[in-house]
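Asks: Data file my_file-v4.cif (mmCIF, C-alpha atoms and all ligand atoms) is appended below.
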```cif
data_protein
#
loop_
_atom_site.group_PDB
_atom_site.id
_atom_site.type_symbol
_atom_site.label_atom_id
_atom_site.label_comp_id
_atom_site.auth_asym_id
_atom_site.auth_seq_id
_atom_site.Cartn_x
_atom_site.Cartn_y
_atom_site.Cartn_z
ATOM 1 C CA MET A 1 0.000 0.000 0.000
ATOM 2 C CA SER A 2 1.268 3.500 -0.760
ATOM 3 C CA GLU A 3 2.105 6.095 1.934
ATOM 4 C CA PRO A 4 -1.009 7.458 3.639
ATOM 5 C CA LEU A 5 -1.957 10.966 2.554
ATOM 6 C CA LYS A 6 -1.501 13.653 5.198
ATOM 7 C CA GLN A 7 -4.303 15.971 6.310
ATOM 8 C CA ALA A 8 -2.433 18.920 4.739
ATOM 9 C CA ASP A 9 -2.530 17.198 1.309
ATOM 10 C CA ILE A 10 -6.217 16.460 1.782
ATOM 11 C CA ASP A 11 -6.922 20.089 2.792
ATOM 12 C CA GLN A 12 -5.036 21.369 -0.255
ATOM 13 C CA GLU A 13 -6.989 19.147 -2.638
ATOM 14 C CA ILE A 14 -10.327 19.979 -1.018
ATOM 15 C CA ALA A 15 -9.525 23.720 -1.316
ATOM 16 C CA ALA A 16 -8.586 23.290 -4.985
ATOM 17 C CA ARG A 17 -11.986 21.739 -5.780
ATOM 18 C CA ALA A 18 -14.131 23.994 -3.547
ATOM 19 C CA GLY A 19 -16.868 25.974 -5.262
ATOM 20 C CA GLU A 20 -16.735 23.987 -8.478
ATOM 21 C CA PRO A 21 -20.014 24.220 -10.348
ATOM 22 C CA GLY A 22 -22.671 21.606 -9.783
ATOM 23 C CA ASP A 23 -23.494 19.810 -6.603
ATOM 24 C CA HIS A 24 -22.764 16.306 -7.741
ATOM 25 C CA PRO A 25 -19.312 15.061 -6.736
ATOM 26 C CA ALA A 26 -16.793 14.067 -9.365
ATOM 27 C CA ARG A 27 -16.618 10.287 -9.798
ATOM 28 C CA ASP A 28 -12.856 10.516 -9.298
ATOM 29 C CA TYR A 29 -12.373 12.823 -6.325
ATOM 30 C CA ALA A 30 -8.711 12.395 -5.322
ATOM 31 C CA PRO A 31 -9.058 13.203 -1.601
ATOM 32 C CA TYR A 32 -11.514 10.267 -1.354
ATOM 33 C CA ARG A 33 -8.861 7.809 -2.384
ATOM 34 C CA SER A 34 -10.820 4.755 -3.380
ATOM 35 C CA THR A 35 -12.854 6.716 -5.952
ATOM 36 C CA LEU A 36 -9.673 6.863 -8.060
ATOM 37 C CA LEU A 37 -9.614 3.068 -8.124
ATOM 38 C CA ARG A 38 -13.274 2.271 -8.495
ATOM 39 C CA HIS A 39 -14.859 4.947 -10.694
ATOM 40 C CA PRO A 40 -15.945 3.909 -14.206
ATOM 41 C CA LYS A 41 -13.158 4.522 -16.750
ATOM 42 C CA GLN A 42 -15.180 3.524 -19.814
ATOM 43 C CA PRO A 43 -18.186 5.417 -21.129
ATOM 44 C CA LEU A 44 -21.375 4.231 -19.429
ATOM 45 C CA VAL A 45 -23.308 1.600 -21.356
ATOM 46 C CA ALA A 46 -26.835 2.635 -22.267
ATOM 47 C CA ILE A 47 -29.323 -0.153 -21.595
ATOM 48 C CA LYS A 48 -31.215 -0.583 -24.861
ATOM 49 C CA ASP A 49 -34.414 -1.743 -23.261
ATOM 50 C CA PRO A 50 -34.637 -0.431 -19.676
ATOM 51 C CA GLU A 51 -38.167 -1.726 -19.261
ATOM 52 C CA ALA A 52 -37.111 -5.301 -20.007
ATOM 53 C CA ALA A 53 -34.352 -4.992 -17.397
ATOM 54 C CA GLU A 54 -36.891 -3.718 -14.891
ATOM 55 C CA LEU A 55 -39.410 -6.443 -15.680
ATOM 56 C CA SER A 56 -36.898 -9.282 -15.425
ATOM 57 C CA GLY A 57 -35.031 -7.980 -12.359
ATOM 58 C CA PRO A 58 -35.847 -8.903 -8.767
ATOM 59 C CA VAL A 59 -38.379 -6.745 -6.974
ATOM 60 C CA PHE A 60 -39.479 -6.382 -3.392
ATOM 61 C CA GLY A 61 -43.086 -6.548 -2.301
ATOM 62 C CA VAL A 62 -44.968 -4.707 0.420
ATOM 63 C CA SER A 63 -45.229 -7.976 2.350
ATOM 64 C CA ASP A 64 -41.412 -8.246 2.514
ATOM 65 C CA VAL A 65 -41.131 -5.325 4.939
ATOM 66 C CA THR A 66 -42.516 -5.809 8.434
ATOM 67 C CA PRO A 67 -43.520 -2.945 10.764
ATOM 68 C CA PHE A 68 -40.627 -3.942 13.085
ATOM 69 C CA ASP A 69 -37.885 -3.504 10.497
ATOM 70 C CA ASN A 70 -37.522 0.234 11.202
ATOM 71 C CA ASP A 71 -36.535 -0.145 14.858
ATOM 72 C CA LEU A 72 -32.821 -0.956 15.053
ATOM 73 C CA THR A 73 -32.980 -1.009 18.866
ATOM 74 C CA LYS A 74 -35.298 -4.033 18.966
ATOM 75 C CA GLN A 75 -33.459 -6.561 16.843
ATOM 76 C CA HIS A 76 -31.818 -8.396 19.746
ATOM 77 C CA LEU A 77 -32.804 -9.484 23.250
ATOM 78 C CA GLY A 78 -30.997 -6.595 24.949
ATOM 79 C CA GLU A 79 -30.888 -2.835 24.381
ATOM 80 C CA PRO A 80 -27.993 -1.493 22.314
ATOM 81 C CA LEU A 81 -25.645 0.970 23.997
ATOM 82 C CA GLY A 82 -25.586 4.627 23.011
ATOM 83 C CA GLU A 83 -27.807 7.618 22.466
ATOM 84 C CA ARG A 84 -31.237 6.521 21.216
ATOM 85 C CA ILE A 85 -32.495 8.644 18.315
ATOM 86 C CA THR A 86 -35.619 8.917 16.174
ATOM 87 C CA VAL A 87 -34.972 9.881 12.549
ATOM 88 C CA ARG A 88 -37.959 11.057 10.533
ATOM 89 C CA GLY A 89 -38.372 12.702 7.196
ATOM 90 C CA ARG A 90 -40.134 12.717 3.867
ATOM 91 C CA VAL A 91 -39.083 11.494 0.447
ATOM 92 C CA LEU A 92 -40.094 14.149 -2.090
ATOM 93 C CA ASP A 93 -39.920 14.630 -5.838
ATOM 94 C CA ARG A 94 -38.633 17.811 -7.534
ATOM 95 C CA GLN A 95 -42.010 19.518 -7.079
ATOM 96 C CA GLY A 96 -42.135 18.705 -3.379
ATOM 97 C CA ARG A 97 -44.721 15.971 -3.876
ATOM 98 C CA PRO A 98 -44.493 12.911 -1.587
ATOM 99 C CA VAL A 99 -42.941 9.753 -3.006
ATOM 100 C CA ARG A 100 -45.058 6.924 -1.625
ATOM 101 C CA GLY A 101 -44.261 3.266 -1.075
ATOM 102 C CA GLN A 102 -40.529 3.853 -1.466
ATOM 103 C CA LEU A 103 -38.269 1.274 0.176
ATOM 104 C CA VAL A 104 -35.910 3.206 2.470
ATOM 105 C CA GLU A 105 -32.995 1.146 3.798
ATOM 106 C CA ILE A 106 -30.337 2.322 6.247
ATOM 107 C CA TRP A 107 -27.034 0.973 7.525
ATOM 108 C CA GLN A 108 -24.653 2.469 10.051
ATOM 109 C CA ALA A 109 -21.896 2.000 12.622
ATOM 110 C CA ASN A 110 -22.746 1.443 16.290
ATOM 111 C CA SER A 111 -22.325 4.089 19.000
ATOM 112 C CA ALA A 112 -18.614 3.286 19.244
ATOM 113 C CA GLY A 113 -18.135 3.886 15.512
ATOM 114 C CA ARG A 114 -17.768 0.203 14.625
ATOM 115 C CA TYR A 115 -19.567 -1.539 11.759
ATOM 116 C CA LEU A 116 -20.654 -5.142 12.059
ATOM 117 C CA HIS A 117 -18.683 -5.945 8.908
ATOM 118 C CA GLN A 118 -15.805 -8.317 8.242
ATOM 119 C CA ARG A 119 -13.637 -5.518 6.856
ATOM 120 C CA ASP A 120 -14.041 -3.311 9.926
ATOM 121 C CA ASP A 121 -11.421 -4.510 12.412
ATOM 122 C CA HIS A 122 -10.579 -1.241 14.156
ATOM 123 C CA PRO A 123 -10.259 -1.529 17.931
ATOM 124 C CA ALA A 124 -13.685 -0.293 19.046
ATOM 125 C CA PRO A 125 -16.242 -2.665 20.572
ATOM 126 C CA LEU A 126 -18.980 -4.420 18.651
ATOM 127 C CA ASP A 127 -22.352 -4.240 20.363
ATOM 128 C CA PRO A 128 -24.015 -7.668 20.648
ATOM 129 C CA ASN A 129 -27.376 -5.876 20.668
ATOM 130 C CA PHE A 130 -26.866 -3.803 17.539
ATOM 131 C CA THR A 131 -26.654 -4.900 13.907
ATOM 132 C CA GLY A 132 -27.007 -1.472 12.299
ATOM 133 C CA VAL A 133 -29.415 -2.159 9.426
ATOM 134 C CA GLY A 134 -33.076 -1.267 9.050
ATOM 135 C CA ARG A 135 -35.744 -0.543 6.467
ATOM 136 C CA CYS A 136 -39.252 0.784 6.009
ATOM 137 C CA LEU A 137 -41.657 1.896 3.293
ATOM 138 C CA THR A 138 -42.697 5.533 2.950
ATOM 139 C CA ASP A 139 -46.352 6.158 3.790
ATOM 140 C CA ASP A 140 -48.896 8.045 1.676
ATOM 141 C CA ASP A 141 -47.330 11.402 2.644
ATOM 142 C CA GLY A 142 -43.830 10.172 1.792
ATOM 143 C CA ASN A 143 -42.838 9.838 5.466
ATOM 144 C CA TYR A 144 -40.228 7.425 6.738
ATOM 145 C CA LEU A 145 -39.292 6.767 10.380
ATOM 146 C CA PHE A 146 -36.422 4.951 12.105
ATOM 147 C CA THR A 147 -35.581 4.365 15.752
ATOM 148 C CA THR A 148 -31.874 3.740 16.144
ATOM 149 C CA ILE A 149 -28.692 4.660 18.026
ATOM 150 C CA LYS A 150 -26.555 7.675 17.146
ATOM 151 C CA PRO A 151 -23.532 6.264 15.290
ATOM 152 C CA GLY A 152 -20.044 7.198 16.447
ATOM 153 C CA PRO A 153 -17.366 8.729 14.176
ATOM 154 C CA TYR A 154 -15.595 6.099 12.080
ATOM 155 C CA PRO A 155 -11.820 5.862 11.434
ATOM 156 C CA TRP A 156 -11.541 4.750 7.810
ATOM 157 C CA ARG A 157 -7.837 4.893 6.826
ATOM 158 C CA ASN A 158 -8.416 7.063 3.748
ATOM 159 C CA HIS A 159 -5.471 9.140 4.953
ATOM 160 C CA LEU A 160 -3.585 9.659 8.198
ATOM 161 C CA ASN A 161 -5.999 10.311 11.090
ATOM 162 C CA ALA A 162 -9.042 10.050 8.816
ATOM 163 C CA TRP A 163 -12.349 10.052 10.718
ATOM 164 C CA ARG A 164 -15.754 10.039 9.084
ATOM 165 C CA PRO A 165 -18.296 12.338 10.755
ATOM 166 C CA ALA A 166 -21.152 10.372 12.348
ATOM 167 C CA HIS A 167 -23.454 9.374 9.499
ATOM 168 C CA ILE A 168 -26.239 7.035 8.459
ATOM 169 C CA HIS A 169 -26.211 5.505 4.969
ATOM 170 C CA PHE A 170 -29.532 5.599 3.129
ATOM 171 C CA SER A 171 -30.654 3.627 0.084
ATOM 172 C CA LEU A 172 -33.869 4.532 -1.697
ATOM 173 C CA PHE A 173 -35.384 1.936 -3.902
ATOM 174 C CA GLY A 174 -38.118 2.605 -6.434
ATOM 175 C CA THR A 175 -39.998 -0.198 -8.114
ATOM 176 C CA ALA A 176 -36.960 -1.818 -9.772
ATOM 177 C CA PHE A 177 -33.201 -2.245 -9.305
ATOM 178 C CA THR A 178 -32.590 0.424 -11.937
ATOM 179 C CA GLN A 179 -34.225 2.928 -9.569
ATOM 180 C CA ARG A 180 -31.870 2.846 -6.601
ATOM 181 C CA LEU A 181 -30.300 5.944 -5.051
ATOM 182 C CA VAL A 182 -27.728 5.926 -2.250
ATOM 183 C CA THR A 183 -26.825 8.805 0.063
ATOM 184 C CA GLN A 184 -25.770 9.675 3.626
ATOM 185 C CA MET A 185 -27.292 11.706 6.456
ATOM 186 C CA TYR A 186 -25.112 13.656 8.904
ATOM 187 C CA PHE A 187 -25.723 15.195 12.332
ATOM 188 C CA PRO A 188 -25.723 18.959 12.961
ATOM 189 C CA GLY A 189 -22.616 20.634 14.341
ATOM 190 C CA ASP A 190 -20.199 17.766 13.740
ATOM 191 C CA PRO A 191 -16.617 19.094 14.073
ATOM 192 C CA LEU A 192 -15.376 16.542 11.525
ATOM 193 C CA PHE A 193 -17.175 18.039 8.492
ATOM 194 C CA PRO A 194 -14.235 20.154 7.235
ATOM 195 C CA TYR A 195 -11.881 17.152 7.397
ATOM 196 C CA ASP A 196 -14.095 14.665 5.568
ATOM 197 C CA PRO A 197 -13.340 14.220 1.862
ATOM 198 C CA ILE A 198 -16.661 12.464 1.244
ATOM 199 C CA MET A 199 -18.651 15.386 2.668
ATOM 200 C CA GLN A 200 -16.324 17.898 0.955
ATOM 201 C CA SER A 201 -16.622 16.142 -2.409
ATOM 202 C CA VAL A 202 -19.986 17.938 -2.530
ATOM 203 C CA THR A 203 -18.487 21.294 -3.462
ATOM 204 C CA ASP A 204 -21.644 23.408 -3.166
ATOM 205 C CA GLU A 205 -22.176 24.635 0.409
ATOM 206 C CA ARG A 206 -25.979 24.536 0.200
ATOM 207 C CA ALA A 207 -25.955 21.017 -1.222
ATOM 208 C CA ARG A 208 -23.637 19.977 1.633
ATOM 209 C CA GLN A 209 -26.001 21.524 4.187
ATOM 210 C CA ARG A 210 -28.882 19.522 2.734
ATOM 211 C CA LEU A 211 -27.088 16.360 3.875
ATOM 212 C CA VAL A 212 -27.246 17.466 7.514
ATOM 213 C CA ALA A 213 -30.346 16.578 9.546
ATOM 214 C CA ASP A 214 -32.030 19.113 11.835
ATOM 215 C CA TYR A 215 -32.339 18.453 15.528
ATOM 216 C CA VAL A 216 -36.064 19.017 16.231
ATOM 217 C CA HIS A 217 -36.929 19.111 19.891
ATOM 218 C CA ASP A 218 -40.611 18.359 19.261
ATOM 219 C CA LEU A 219 -39.580 15.091 17.624
ATOM 220 C CA SER A 220 -37.636 14.047 20.714
ATOM 221 C CA GLU A 221 -39.578 11.570 22.810
ATOM 222 C CA PRO A 222 -39.494 12.266 26.562
ATOM 223 C CA GLU A 223 -37.111 9.933 28.384
ATOM 224 C CA PHE A 224 -36.693 7.879 25.220
ATOM 225 C CA SER A 225 -34.939 9.434 22.223
ATOM 226 C CA LEU A 226 -33.645 12.597 20.543
ATOM 227 C CA GLY A 227 -35.437 13.580 17.342
ATOM 228 C CA TYR A 228 -33.849 14.397 13.994
ATOM 229 C CA ARG A 229 -35.571 15.396 10.785
ATOM 230 C CA TRP A 230 -34.089 14.808 7.341
ATOM 231 C CA ASP A 231 -36.017 15.158 4.080
ATOM 232 C CA ILE A 232 -34.740 13.574 0.894
ATOM 233 C CA VAL A 233 -35.428 15.234 -2.462
ATOM 234 C CA LEU A 234 -34.927 12.848 -5.367
ATOM 235 C CA ASP A 235 -34.508 15.316 -8.194
ATOM 236 C CA GLY A 236 -34.398 18.967 -9.254
ATOM 237 C CA PRO A 237 -32.447 22.012 -8.060
ATOM 238 C CA THR A 238 -32.738 21.115 -4.367
ATOM 239 C CA ALA A 239 -32.003 17.415 -4.873
ATOM 240 C CA THR A 240 -30.212 15.555 -2.115
ATOM 241 C CA TRP A 241 -26.686 14.577 -3.134
ATOM 242 C CA MET A 242 -26.588 10.934 -4.190
ATOM 243 C CA GLU A 243 -23.650 8.556 -4.508
ATOM 244 C CA GLU A 244 -25.057 6.294 -7.165
ATOM 245 C CA GLY A 245 -27.827 5.884 -9.625
ATOM 246 C CA ARG A 246 -27.758 9.251 -11.397
HETATM 247 O O1 LIG A 301 -15.423 4.333 1.088
HETATM 248 C C1 LIG A 301 -15.171 3.851 2.180
HETATM 249 O O2 LIG A 301 -14.161 3.203 2.395
HETATM 250 C C2 LIG A 301 -16.096 4.079 3.315
HETATM 251 C C3 LIG A 301 -15.961 3.364 4.479
HETATM 252 C C4 LIG A 301 -16.855 3.568 5.532
HETATM 253 C C5 LIG A 301 -17.853 4.489 5.424
HETATM 254 O O3 LIG A 301 -18.727 4.727 6.408
HETATM 255 C C6 LIG A 301 -17.975 5.193 4.249
HETATM 256 O O4 LIG A 301 -18.989 6.076 4.181
HETATM 257 C C7 LIG A 301 -17.113 5.001 3.202
#
```
Go through the file and emit its structure as structure tokens.

Replies:
Amino acid sequence: MSEPLKQADIDQEIAARAGEPGDHPARDYAPYRSTLLRHPKQPLVAIKDPEAAELSGPVFGVSDVTPFDNDLTKQHLGEPLGERITVRGRVLDRQGRPVRGQLVEIWQANSAGRYLHQRDDHPAPLDPNFTGVGRCLTDDDGNYLFTTIKPGPYPWRNHLNAWRPAHIHFSLFGTAFTQRLVTQMYFPGDPLFPYDPIMQSVTDERARQRLVADYVHDLSEPEFSLGYRWDIVLDGPTATWMEEGR
């Protein structure tokens, strides 16, 4: 493996790209090292018959998602450790209309910043009562809701002393595999934002802010959880930044 990049190199590269037009990150954003290795280097292949791909691909059905799948604190016998949170929001189209029946899936690290994943071996504890995945379907007003634990910051070896701000990964799934969008939600006031190449790969300040949830006191449940609100806009000038599928 090559020498790890230093924070100063990362800062320099982030500054060089800041304010570039458009809010969608470059597919090869050097400060986020693995994008250099895994971005497409050939022109994208147009699917000649997208409908056929959609009709023959696997789909999920309403009956596949149970009402319990959105509570990540109830998947084991015991309670997971950490700060319990409720995350609510709406999935909207470019006109602000609700997107109904959308499969919303999340995955995240535990409160210590550790993923239950074979490639995460950093020395923070796993929580036997926390898996870190959940899903739900949006209701008729486009609402989704999760009960979970606030994830910890995650050391990810992109460069020396690289820590990801606390975040929750979101996947939004339409009615076929060709309609999947992937993004991340962050927590307000995180001191790691300026150091994170993934966050900073979104070069437009307003688009970056749209990735940060609001703390909403009225959504906090007394003696139970802190409430965050995060709306996801699929398209248009206020679209939420997406990693894939556009
Ligand atoms: O690209 C990565 O390596 C990587 C690892 C862990 C994360 O939480 C993440 O968002 C990205």

Asks: Could you tell me, counting all atoms listed in the file, which protein and nucleic acid residues lie no more than 12 Å from ligand LIG 301 (chain A), written as a VMD selection string?

Replies: chain A and resid 29 31 to 39 106 to 110 113 to 117 119 to 122 132 151 to 159 162 to 170 182 to 186 196 to 199 243

Asks: Between A:Gln42, A:Thr238, A:Thr131, A:Gln12, which is the closest to A:Gln200 once you count all atoms listed in the file?

Replies: A:Gln12

Asks: With the file shown as input, list the residues that the PyMOL selection byres (((chain A and resi 176) around 10) and not hetatm) selects, as a list in words.

Replies: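 Here the PyMOL selection byres (((chain A and resi 176) around 10) and not hetatm) matches Glu51, Ala53, Glu54, Leu55, Ser56, Gly57, Pro58, Val59, Phe60, Phe173, Gly174, Thr175, Phe177, Thr178, Gln179 and Arg180 of chain A.
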
Asks: Any chance you can output those residues with C-alpha atoms as a compact mmCIF listing (two decimals), in the coordinates of the input?

Replies:
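Final output, out-v4.txt:
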```txt
# COMPACT_ATOMS: atom_id res chain seq x y z
CA GLU A 51 -38.17 -1.73 -19.26
CA ALA A 53 -34.35 -4.99 -17.40
CA GLU A 54 -36.89 -3.72 -14.89
CA LEU A 55 -39.41 -6.44 -15.68
CA SER A 56 -36.90 -9.28 -15.42
CA GLY A 57 -35.03 -7.98 -12.36
CA PRO A 58 -35.85 -8.90 -8.77
CA VAL A 59 -38.38 -6.74 -6.97
CA PHE A 60 -39.48 -6.38 -3.39
CA PHE A 173 -35.38 1.94 -3.90
CA GLY A 174 -38.12 2.60 -6.43
CA THR A 175 -40.00 -0.20 -8.11
CA PHE A 177 -33.20 -2.24 -9.30
CA THR A 178 -32.59 0.42 -11.94
CA GLN A 179 -34.22 2.93 -9.57
CA ARG A 180 -31.87 2.85 -6.60
```

Asks: Given all atoms listed in the file as the basis, pick out the residue of A:Leu44, A:Leu160, A:Ile14, A:Ala52 nearest to A:Pro194.

Replies: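 Ranked by minimum distance to A:Pro194, first place goes to A:Ile14.
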
Asks: What is the distance between atom CA of A:Asp127 and atom CA of A:Thr73, in Å to one decimal?

Replies: 11.2 Å

Asks: Just the number, please: distance in Å from atom CA of A:Val65 to atom CA of A:Asp140, one decimal.

Replies: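 Pair atom CA of A:Val65 / atom CA of A:Asp140 returns 15.8 Å.
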
Asks: Return as lines of an AutoDock Vina configuration file the centre and edge lengths, in Å with one decimal, of the box along x, y and z that encloses every atom of stretch 42-61 of chain A in the file, padded by 5 Å per side.

Replies:
```
center_x = -29.1
center_y = -1.9
center_z = -13.6
size_x = 37.9
size_y = 24.7
size_z = 32.6
```

Asks: Do you have the atom CA of A:Thr147-atom CA of A:Pro123 distance handy?

Replies: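 Here the two named atoms are 26.1 Å from each other.
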
Asks: With distances taken over all atoms listed in the file, which residue among A:Asn143, A:Tyr195, A:Leu72, A:Ile47 lies nearest A:Asp9?

Replies: A:Tyr195

Asks: Taking only C-alpha atoms into account, produce a table as a tab-separated table in which each residue of stretch 7-124 of chain A with an atom at most 12 Å from an atom of stretch 214-217 of chain A appears once, together with its shortest atom pair and the distance in Å to one decimal, ordered by chain and rising number.

Replies:
```
residue	atom	partner	partner_atom	distance
A:Ile85	CA	A:Tyr215	CA	10.2
A:Thr86	CA	A:Tyr215	CA	10.1
A:Val87	CA	A:Tyr215	CA	9.4
A:Arg88	CA	A:Val216	CA	10.0
A:Gly89	CA	A:Asp214	CA	10.1
```

Asks: I need the chosen residues saved as a CSV table (one decimal), keeping the file's coordinate frame, with C-alpha atoms.

Replies:
```
chain,number,residue,atom,x,y,z
A,85,ILE,CA,-32.5,8.6,18.3
A,86,THR,CA,-35.6,8.9,16.2
A,87,VAL,CA,-35.0,9.9,12.5
A,88,ARG,CA,-38.0,11.1,10.5
A,89,GLY,CA,-38.4,12.7,7.2
```

Asks: For this structure, which residues satisfy the selection - the PyMOL selection byres (((chain A and resi 211) around 8) and not hetatm) - when it is evaluated on the file as given? I want them as a ChimeraX atom specification.

Replies: /A:184-186,207-210,212-213,230,240-241

Asks: Once the PyMOL selection byres (((chain A and resi 102) around 12) and not hetatm) has been applied to the shown file, what residues remain in the selection, as a ChimeraX atom specification?

Replies: /A:60-62,65,90-93,98-101,103-105,135-144,171-176,179-181,232,234

Asks: Taking all atoms listed in the file into account, which of A:Asn161, A:Thr66, A:Ser201, A:Gln95 comes nearest A:Gly134?

Replies: A:Thr66
